[in-house]
Structures are given as C-alpha cells and as structure tokens.
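A.B. asks: So that you have it, the file is model_26.txt, and it contains compact mmCIF, C-alpha atoms:
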# COMPACT_ATOMS: atom_id res chain seq x y z
CA MET L 1 -30.70 11.77 -33.74
CA THR L 2 -29.85 13.19 -30.33
CA ALA L 3 -27.17 10.58 -29.60
CA GLU L 4 -25.42 11.32 -32.90
CA ALA L 5 -25.47 15.09 -32.33
CA VAL L 6 -24.07 14.77 -28.79
CA ALA L 7 -21.38 12.30 -29.93
CA ARG L 8 -20.23 14.62 -32.73
CA GLU L 9 -20.08 17.58 -30.36
CA LEU L 10 -17.92 15.59 -27.93
CA GLY L 11 -15.66 14.35 -30.72
CA LEU L 12 -16.61 10.70 -30.16
CA LEU L 13 -18.14 10.29 -33.61
CA LYS L 14 -16.00 11.06 -36.64
CA THR L 15 -16.09 8.42 -39.34
CA GLY L 16 -17.93 5.61 -37.54
CA ARG L 17 -21.60 4.66 -37.52
CA VAL L 18 -24.45 5.14 -35.06
CA VAL L 19 -26.59 2.10 -34.32
CA THR L 20 -29.78 1.95 -32.26
CA GLY L 21 -31.02 -0.97 -30.22
CA ALA L 22 -33.69 -1.74 -32.82
CA GLN L 23 -31.11 -1.83 -35.60
CA LEU L 24 -28.81 -3.96 -33.50
CA GLU L 25 -31.61 -6.44 -32.92
CA ALA L 26 -31.94 -6.94 -36.68
CA ILE L 27 -28.22 -7.69 -37.21
CA SER L 28 -27.20 -11.34 -37.05
CA GLU L 29 -24.40 -12.42 -34.74
CA PRO L 30 -21.81 -13.09 -37.49
CA ASP L 31 -22.65 -9.82 -39.26
CA PHE L 32 -22.40 -7.85 -36.03
CA ASP L 33 -19.03 -9.39 -35.19
CA ALA L 34 -17.77 -8.16 -38.58
CA GLN L 35 -19.33 -4.69 -38.28
CA VAL L 36 -18.49 -3.86 -34.65
CA PRO L 37 -15.20 -2.04 -35.50
CA GLU L 38 -17.15 0.39 -37.69
CA ILE L 39 -19.68 1.36 -34.99
CA ASP L 40 -18.74 4.22 -32.69
CA VAL L 41 -22.04 5.05 -30.97
CA TYR L 42 -24.89 2.90 -29.65
CA ALA L 43 -28.20 4.48 -28.70
CA ARG L 44 -31.32 3.22 -26.92
CA VAL L 45 -29.88 -0.19 -26.22
CA SER L 46 -31.08 -2.79 -23.73
CA PRO L 47 -28.96 -4.75 -21.21
CA VAL L 48 -28.83 -7.64 -23.70
CA HIS L 49 -27.50 -5.32 -26.40
CA LYS L 50 -24.79 -3.95 -24.11
CA LEU L 51 -23.70 -7.46 -23.25
CA ARG L 52 -23.62 -8.31 -26.94
CA VAL L 53 -21.42 -5.29 -27.77
CA VAL L 54 -18.94 -6.15 -25.03
CA SER L 55 -18.74 -9.78 -26.16
CA ALA L 56 -18.24 -8.83 -29.82
CA LEU L 57 -15.37 -6.48 -28.99
CA GLN L 58 -13.71 -9.10 -26.80
CA LYS L 59 -13.94 -11.64 -29.64
CA ARG L 60 -11.82 -9.29 -31.74
CA GLY L 61 -9.12 -9.19 -29.06
CA HIS L 62 -9.96 -5.82 -27.51
CA ILE L 63 -9.58 -5.04 -23.81
CA VAL L 64 -13.08 -3.72 -23.03
CA ALA L 65 -14.00 -1.22 -20.31
CA MET L 66 -17.67 -0.63 -19.50
CA THR L 67 -19.08 2.16 -17.35
CA GLY L 68 -22.55 2.22 -15.84
CA ASP L 69 -24.70 3.29 -12.92
CA GLY L 70 -27.95 1.36 -13.25
CA VAL L 71 -29.09 -2.20 -12.65
CA ASN L 72 -29.42 -2.71 -16.41
CA ASP L 73 -25.67 -2.13 -16.80
CA ALA L 74 -24.66 -4.89 -14.38
CA PRO L 75 -24.45 -7.82 -16.88
CA ALA L 76 -22.18 -5.87 -19.27
CA LEU L 77 -20.08 -4.58 -16.36
CA LYS L 78 -19.52 -8.14 -15.18
CA LYS L 79 -18.65 -9.36 -18.67
CA ALA L 80 -16.24 -6.52 -19.49
CA ASP L 81 -12.52 -6.81 -18.75
CA ILE L 82 -12.85 -3.71 -16.57
CA GLY L 83 -16.29 -2.86 -15.18
CA ILE L 84 -16.50 0.69 -13.85
CA ALA L 85 -19.41 1.78 -11.65
CA MET L 86 -20.44 5.25 -10.48
CA GLY L 87 -19.83 5.62 -6.76
CA ILE L 88 -22.38 8.37 -6.10
CA THR L 89 -25.26 7.65 -8.48
CA GLY L 90 -24.55 3.94 -9.03
CA THR L 91 -26.77 1.25 -7.56
CA ASP L 92 -25.50 -1.41 -5.17
CA VAL L 93 -25.94 -4.09 -7.84
CA THR L 94 -23.79 -2.09 -10.27
CA LYS L 95 -21.06 -1.55 -7.70
CA GLU L 96 -21.04 -5.25 -6.85
CA ALA L 97 -20.64 -6.22 -10.52
CA ALA L 98 -17.88 -3.68 -11.22
CA ALA L 99 -14.12 -4.06 -10.83
CA MET L 100 -13.64 -0.33 -10.20
CA ILE L 101 -15.83 2.27 -8.49
CA LEU L 102 -15.50 5.99 -9.23
CA THR L 103 -16.08 7.60 -5.86
CA ASP L 104 -16.44 11.06 -7.46
CA ASP L 105 -18.40 9.96 -10.58
CA ASN L 106 -15.76 11.77 -12.64
CA PHE L 107 -14.80 10.02 -15.87
CA ALA L 108 -11.40 11.74 -15.78
CA SER L 109 -10.61 9.56 -12.76
CA ILE L 110 -10.61 6.54 -15.08
CA VAL L 111 -7.63 7.93 -16.98
CA ALA L 112 -5.80 8.71 -13.74
CA ALA L 113 -6.49 5.20 -12.42
CA VAL L 114 -5.25 3.55 -15.61
CA GLU L 115 -2.09 5.66 -15.58
CA GLU L 116 -1.45 4.84 -11.92
CA GLY L 117 -1.95 1.12 -12.53
CA ARG L 118 0.32 1.09 -15.56
CA GLY L 119 2.98 3.01 -13.64
CA ILE L 120 2.90 0.57 -10.72
CA PHE L 121 3.13 -2.45 -13.02
CA ALA L 122 6.01 -0.88 -14.96
CA ASN L 123 7.92 -0.10 -11.75
CA ILE L 124 7.50 -3.65 -10.45
CA LYS L 125 8.97 -4.82 -13.75
CA LYS L 126 11.93 -2.41 -13.49
CA TYR L 127 12.60 -3.52 -9.91
CA LEU L 128 12.64 -7.20 -10.86
CA MET L 129 14.70 -6.68 -14.02
CA TYR L 130 17.38 -4.86 -12.06
CA LEU L 131 17.62 -7.30 -9.15
CA LEU L 132 17.46 -10.48 -11.23
CA SER L 133 20.00 -9.19 -13.74
CA SER L 134 22.34 -8.20 -10.91
CA ASN L 135 22.06 -11.64 -9.31
CA ILE L 136 22.69 -13.39 -12.64
CA GLY L 137 25.80 -11.25 -13.11
CA GLU L 138 27.16 -12.20 -9.69
CA ILE L 139 26.41 -15.90 -10.20
CA ALA L 140 28.03 -15.87 -13.64
CA LEU L 141 31.13 -14.14 -12.23
CA MET L 142 31.62 -16.59 -9.37
CA ALA L 143 30.68 -19.68 -11.40
CA GLY L 144 32.95 -18.66 -14.28
CA ALA L 145 35.98 -18.24 -12.02
CA THR L 146 35.28 -21.58 -10.33
CA LEU L 147 34.91 -23.45 -13.63
CA LEU L 148 38.17 -21.95 -14.90
CA GLY L 149 39.97 -23.10 -11.74
CA MET L 150 40.75 -19.54 -10.66
CA PRO L 151 40.59 -17.94 -7.20
CA LEU L 152 37.19 -16.55 -6.25
CA PRO L 153 36.96 -12.95 -7.55
CA LEU L 154 34.94 -11.67 -4.57
CA THR L 155 35.00 -12.24 -0.84
CA ALA L 156 31.87 -13.18 1.11
CA VAL L 157 31.73 -9.68 2.63
CA GLN L 158 31.96 -8.06 -0.79
CA ILE L 159 29.14 -10.22 -2.16
CA LEU L 160 27.02 -9.40 0.88
CA TYR L 161 27.68 -5.69 0.44
CA VAL L 162 26.71 -5.77 -3.23
CA ASN L 163 23.47 -7.64 -2.49
CA LEU L 164 22.36 -5.60 0.51
CA ALA L 165 23.71 -2.12 -0.16
CA THR L 166 24.59 -1.65 -3.82
CA ASP L 167 21.52 -3.47 -5.15
CA GLY L 168 19.10 -2.40 -2.43
CA LEU L 169 18.80 1.37 -2.68
CA PRO L 170 18.74 1.62 -6.51
CA ALA L 171 16.10 -1.13 -6.61
CA LEU L 172 13.92 0.78 -4.15
CA ALA L 173 14.42 3.94 -6.22
CA LEU L 174 13.25 2.11 -9.35
CA ALA L 175 10.08 1.12 -7.49
CA VAL L 176 9.10 4.81 -7.37
CA ASP L 177 10.34 5.71 -10.85
CA PRO L 178 8.32 8.47 -12.61
CA PRO L 179 6.04 7.14 -15.37
CA GLU L 180 7.43 7.16 -18.89
CA SER L 181 6.17 9.90 -21.19
CA ASP L 182 4.55 7.46 -23.64
CA LEU L 183 2.92 5.29 -20.96
CA MET L 184 -0.66 6.23 -21.87
CA GLN L 185 -0.05 5.93 -25.62
CA ARG L 186 0.69 2.22 -25.37
CA LYS L 187 -1.85 -0.45 -26.19
CA PRO L 188 -3.48 -2.29 -23.28
CA ARG L 189 -1.37 -5.17 -22.03
CA ASP L 190 -2.70 -8.66 -22.66
CA PRO L 191 -3.99 -9.81 -19.23
CA ARG L 192 -2.67 -13.31 -19.97
CA THR L 193 0.86 -11.95 -20.33
CA GLY L 194 2.93 -11.79 -17.16
CA ILE L 195 5.90 -9.62 -16.28
CA PHE L 196 8.48 -11.90 -17.85
CA THR L 197 7.92 -11.24 -21.53
CA ARG L 198 10.56 -11.91 -24.19
CA PRO L 199 12.01 -8.35 -24.06
CA VAL L 200 12.22 -8.45 -20.26
CA ILE L 201 13.90 -11.86 -20.23
CA ALA L 202 16.29 -10.71 -22.97
CA LEU L 203 17.28 -7.62 -20.98
CA ILE L 204 17.73 -9.55 -17.74
CA THR L 205 19.82 -12.24 -19.43
CA ALA L 206 21.92 -9.88 -21.55
CA GLY L 207 22.66 -7.54 -18.64
CA GLY L 208 23.46 -10.38 -16.25
CA LEU L 209 25.67 -12.41 -18.57
CA TRP L 210 27.54 -9.37 -19.86
CA SER L 211 28.19 -8.26 -16.29
CA GLY L 212 29.57 -11.68 -15.43
CA ILE L 213 31.75 -11.81 -18.54
CA VAL L 214 33.34 -8.36 -18.29
CA ASN L 215 33.93 -8.57 -14.54
CA LEU L 216 35.54 -11.97 -14.93
CA GLY L 217 37.61 -10.46 -17.73
CA ILE L 218 38.84 -7.59 -15.57
CA PHE L 219 39.71 -10.07 -12.79
CA VAL L 220 41.77 -12.19 -15.18
CA TRP L 221 43.43 -9.08 -16.62
CA ALA L 222 44.28 -7.77 -13.16
CA LEU L 223 45.90 -11.07 -12.17
CA ASN L 224 47.90 -11.18 -15.41
CA SER L 225 49.03 -7.56 -14.99
CA GLY L 226 51.07 -8.40 -11.91
CA ARG L 227 48.54 -7.44 -9.24
CA THR L 228 48.04 -9.64 -6.21
CA THR L 229 44.87 -11.69 -5.88
CA GLU L 230 43.57 -9.29 -3.23
CA GLN L 231 44.16 -6.27 -5.47
CA ALA L 232 42.48 -8.01 -8.41
CA MET L 233 39.49 -8.82 -6.18
CA SER L 234 39.30 -5.19 -5.07
CA LEU L 235 39.29 -3.95 -8.68
CA THR L 236 36.64 -6.51 -9.63
CA PHE L 237 34.50 -5.48 -6.64
CA VAL L 238 34.57 -1.82 -7.69
CA SER L 239 33.81 -2.72 -11.31
CA LEU L 240 30.83 -4.85 -10.22
CA VAL L 241 29.40 -2.05 -8.08
CA LEU L 242 29.75 0.48 -10.91
CA ILE L 243 28.14 -1.81 -13.48
CA GLN L 244 25.11 -2.15 -11.21
CA PHE L 245 24.65 1.62 -11.32
CA PHE L 246 24.73 1.69 -15.12
CA LYS L 247 22.19 -1.14 -15.21
CA ALA L 248 19.90 0.72 -12.82
CA TYR L 249 19.62 3.66 -15.23
CA ASN L 250 19.23 1.35 -18.24
CA PHE L 251 16.42 -0.62 -16.59
CA ARG L 252 14.28 2.50 -16.13
CA SER L 253 12.63 1.35 -19.36
CA ASP L 254 12.48 -1.92 -21.26
CA THR L 255 11.90 -0.14 -24.58
CA ASN L 256 13.06 3.49 -24.46
CA SER L 257 16.71 4.52 -24.63
CA VAL L 258 18.60 5.34 -21.45
CA LEU L 259 19.33 8.74 -23.03
CA LYS L 260 15.64 9.70 -22.79
CA ARG L 261 15.30 11.70 -19.56
CA PRO L 262 18.16 9.75 -17.92
CA PHE L 263 18.12 11.60 -14.61
CA ALA L 264 14.35 12.03 -14.17
CA ASN L 265 14.32 9.77 -11.10
CA LYS L 266 15.75 11.94 -8.32
CA TRP L 267 15.65 9.05 -5.83
CA LEU L 268 17.82 6.94 -8.10
CA ASN L 269 20.25 9.83 -8.53
CA TRP L 270 20.57 10.24 -4.76
CA ALA L 271 20.88 6.48 -4.24
CA VAL L 272 23.76 6.23 -6.73
CA LEU L 273 25.54 9.26 -5.25
CA TRP L 274 25.19 7.80 -1.76
CA GLU L 275 26.51 4.42 -2.88
CA LEU L 276 29.44 6.06 -4.70
CA ALA L 277 30.35 7.89 -1.49
CA LEU L 278 30.20 4.64 0.49
CA LEU L 279 32.32 2.91 -2.15
CA ALA L 280 34.98 5.60 -1.90
CA LEU L 281 35.06 5.22 1.89
CA ILE L 282 35.39 1.44 1.62
CA VAL L 283 38.25 1.77 -0.86
CA TYR L 284 40.25 4.49 0.92
CA LEU L 285 39.54 4.34 4.68
CA PRO L 286 42.10 2.01 6.31
CA PHE L 287 39.73 0.63 8.97
CA LEU L 288 37.25 -0.42 6.22
CA GLN L 289 39.85 -1.85 3.85
CA GLU L 290 40.59 -4.93 5.94
CA PRO L 291 37.00 -6.21 6.45
CA PHE L 292 36.04 -5.47 2.83
CA GLY L 293 39.31 -6.68 1.33
CA THR L 294 39.95 -3.48 -0.63
CA PHE L 295 43.06 -1.51 -1.58
CA PRO L 296 43.52 2.16 -2.51
CA MET L 297 42.96 2.53 -6.25
CA SER L 298 44.81 4.85 -8.60
CA SER L 299 42.97 7.13 -11.02
CA ARG L 300 43.97 4.72 -13.79
CA ASP L 301 42.27 1.84 -11.97
CA TRP L 302 39.09 3.90 -11.56
CA ILE L 303 39.07 4.74 -15.27
CA ILE L 304 39.50 1.06 -16.17
CA ALA L 305 36.70 -0.02 -13.81
CA LEU L 306 34.42 2.75 -15.07
CA ALA L 307 35.11 1.91 -18.72
CA VAL L 308 34.41 -1.79 -18.14
CA ALA L 309 31.19 -0.99 -16.26
CA PHE L 310 29.97 1.37 -18.98
CA THR L 311 30.08 -1.37 -21.61
CA VAL L 312 26.81 -2.81 -20.29
CA SER L 313 24.89 0.23 -21.55
CA PRO L 314 25.48 -0.38 -25.30
CA VAL L 315 24.58 -4.03 -24.81
CA LEU L 316 21.24 -3.20 -23.17
CA GLU L 317 20.60 -0.43 -25.70
CA ALA L 318 21.05 -3.00 -28.49
CA VAL L 319 18.45 -5.27 -26.87
CA LYS L 320 16.00 -2.36 -26.56
CA TRP L 321 16.63 -1.45 -30.20
CA MET L 322 15.74 -5.00 -31.23
CA GLU L 323 12.56 -4.74 -29.17
CA ARG L 324 11.58 -1.47 -30.86
CA ARG L 325 12.19 -3.16 -34.23
CA GLY L 326 9.79 -5.92 -33.21
CA TRP L 327 12.35 -8.73 -33.19
CA LEU L 328 11.58 -9.72 -29.60
CA ARG L 329 7.80 -9.53 -29.65
CA GLN L 330 5.67 -12.21 -28.07
CA PRO L 331 4.20 -14.73 -30.51
CA GLU L 332 0.54 -14.12 -31.30
If you took the structure in this file and wrote it as structure tokens, what would it be?
C.D. replies:
Amino acid sequence: MTAEAVARELGLLKTGRVVTGAQLEAISEPDFDAQVPEIDVYARVSPVHKLRVVSALQKRGHIVAMTGDGVNDAPALKKADIGIAMGITGTDVTKEAAAMILTDDNFASIVAAVEEGRGIFANIKKYLMYLLSSNIGEIALMAGATLLGMPLPLTAVQILYVNLATDGLPALALAVDPPESDLMQRKPRDPRTGIFTRPVIALITAGGLWSGIVNLGIFVWALNSGRTTEQAMSLTFVSLVLIQFFKAYNFRSDTNSVLKRPFANKWLNWAVLWELALLALIVYLPFLQEPFGTFPMSSRDWIIALAVAFTVSPVLEAVKWMERRGWLRQPE
C-alpha cells in the first residue's frame, strides 16, 4: 500500500497498524475506541472517518491536533483541540474552521508555534509565582510582627520600594525567560487546568511563608541583640530584598532545580545586579539613608542577611523535589 510505504519511509509507522477507510467503516464504535491506540496510519478516509478518529482519540484523553487544506477536512478541524489549516493551499472554509493557520504551509511551523505558546504560558506562570510569593512574604512579615505586638519591621517607604523596584525588574525579566530545555518533551497540558496547579500553589505558599518567617526572625534577633528598632528595620529590609532575588532565580522553573542553567536569563542577571547596586546606595549614601530609614551595615550584617535570604532556596528545592516525585500532582 502506498500510504504504508510512505509512512515507513518517513518514520511515522513502526509497530502500529495501517487502516483504510473501508476497514474503518467495518469496525464498530466500541471496537474502534479500543483499537485506536494501535493505529498509526489512516488511508483513503472520508470526512466522517476523520471526525471519528479525532473523537476516538479525545475519548481516551488525548489532546488532538488536526491539519488539513480541503473542505472535507473542516469537520475534523473544528472538532479537534487544535485545528491547523494551510494558509496558501487551504480553502476559506478550512481556514474558518481552524484555530491556527500556517501562512507558509510548512509543518515545521507547528512545532515552533507550540514551543512559543508553551514558553509564553510558562513565563506568565513564573511571573505570577514570583510576585504572589513576594507579596505573601511581605504580608506574613508585617502581620506576624503586628500579632506579636512588636514594632513594624518595615517603613512605608521600604515596603513601597520593595514592591515597585525590587519586585518589578526581576518580574519583568522572568516574563522573557528563555524556554526550559525539556519544554517540548512534556506532555500537553490539560486545557481545563489553569495556572494555579498544586505545585504552583505549593511553591508560592512555601516561598512566601518562609520569607515571612525568616525575615520576622531576623527582626526579632536584631532587636534582642541590642540594635535599635531603626537598625533592626534596616537589616530586615536588606534581608527581604535579598530573599526576593533568590526567589526570582528559583521561580525560573516550577519543576527543575535552580542549579540547572541558573544564569541563562541575562535580563534577570542584569536586573539583580542593578537592584544590588541601588540597595548599596540606599544603605550607604547619607542623603538616601534618612528617607529609606537605613543605616550603614557591617560586613557581618551583610553575611547574616545573605545567609538568611539563601535559606529560601533549599525550601523551594524541596517543594520541586516533591513535585518531581509526583507527590504534588493534580488528582485525575
């Protein structure tokens, strides 16, 4: 059969079966639903047969893409999860039924489009994880101090700076993060599943609560070590800014370790360096110390703040490890 020979030459047919339209017509609906995973190639099929194949695959939970250029492909294109029409040779009916049109009629463009879409979705997720986790950390810090009857650990100006400057640039850098190396090896995402899956919520919550806990801890420690309230607030402010940077690198993936290509995002690297320079100016320049409520910090203070900030990385790595083990998967 010509279809079988062509499919074998292209590597599409290895262990599966080839079924013609006439053979498909003779198979009952229940039998076909059971056999559809074994069939790799369909030949000489009608529009009804194409629609039947798409429906059978969808019943088994597959995300189905259908390509076509003729009027007879339109029903299956409409039924498929992703209908793809040819932009040059495709008919107007086909283009109207499709969700995607290949303007160059090149099938390789499908792969590029899928990769681009997955990358955009992943970056939106990274952006939201980082910002929401940062906000939870700030809320937990302020609420914890209030509930314990302590002075507020941050001034209004410091909170505003963290929200507008420290969180802003890294978040924008995450929005243009390079795609992960295994992006195209992942299974299609369930279209009914939103951004806030169990792993994402776990990362946001763990990062935010840990940030609030350790920054409140360093504030309490600073007060008990003989520092004034203003000095303790300054140390807490620096620690909070640094922990946001660690979280930004950790949130470059919700599954892969931060150690995998950690500095691949050049925009994030530049954003963090710029924010570190601004932080140093705020801490050491006298005319900025008064409005921001900061004090010059010793090298020991910087080491303490850096060590406290770093602790968020093992926590987030532990959550990712649990996700890779399957402990945080969505229920079927």
A.B. asks: If we count all atoms listed in the file and set the cut-off at 10 Å, which residues sit around segment 247-250 of chain L, ignoring sequence neighbours fewer than 6 positions away in its own chain? Please answer as a VMD selection string.
C.D. replies: chain L and resid 126 to 127 129 to 131 133 to 134 167 170 to 171 173 to 174 203 to 204 207 to 208 211 256 to 259 262 to 265 268 to 269 272 309 to 310 312 to 314 316 to 317 320
A.B. asks: Can you list, as a PyMOL selection string, every protein, DNA or RNA residue that comes within 10 Å of Trp302 of chain L when you count only C-alpha atoms, leaving out same-chain residues fewer than 4 positions away?
C.D. replies: chain L and resi 235+238-239+242+297-298+306-308
A.B. asks: One number please: atom CA of Pro199 of chain L to atom CA of Arg329 of chain L, in Å, one decimal.
C.D. replies: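 Taking atom CA of Pro199 of chain L as the start and atom CA of Arg329 of chain L as the end point, the length is 7.1 Å.
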A.B. asks: What does the structure give for the distance between atom CA of Ile136 of chain L and atom CA of Leu172 of chain L, in Å to one decimal?
C.D. replies: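 Answer for the atom CA of Ile136 of chain L to atom CA of Leu172 of chain L separation: 18.7 Å.
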A.B. asks: Here is a test: counting all atoms listed in the file, which residue of L:Gln231, L:Ala112, L:Met150, L:Val241 is nearest to Gly168 of chain L?
C.D. replies: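 Among the listed residues, L:Val241 lies closest to Gly168 of chain L.
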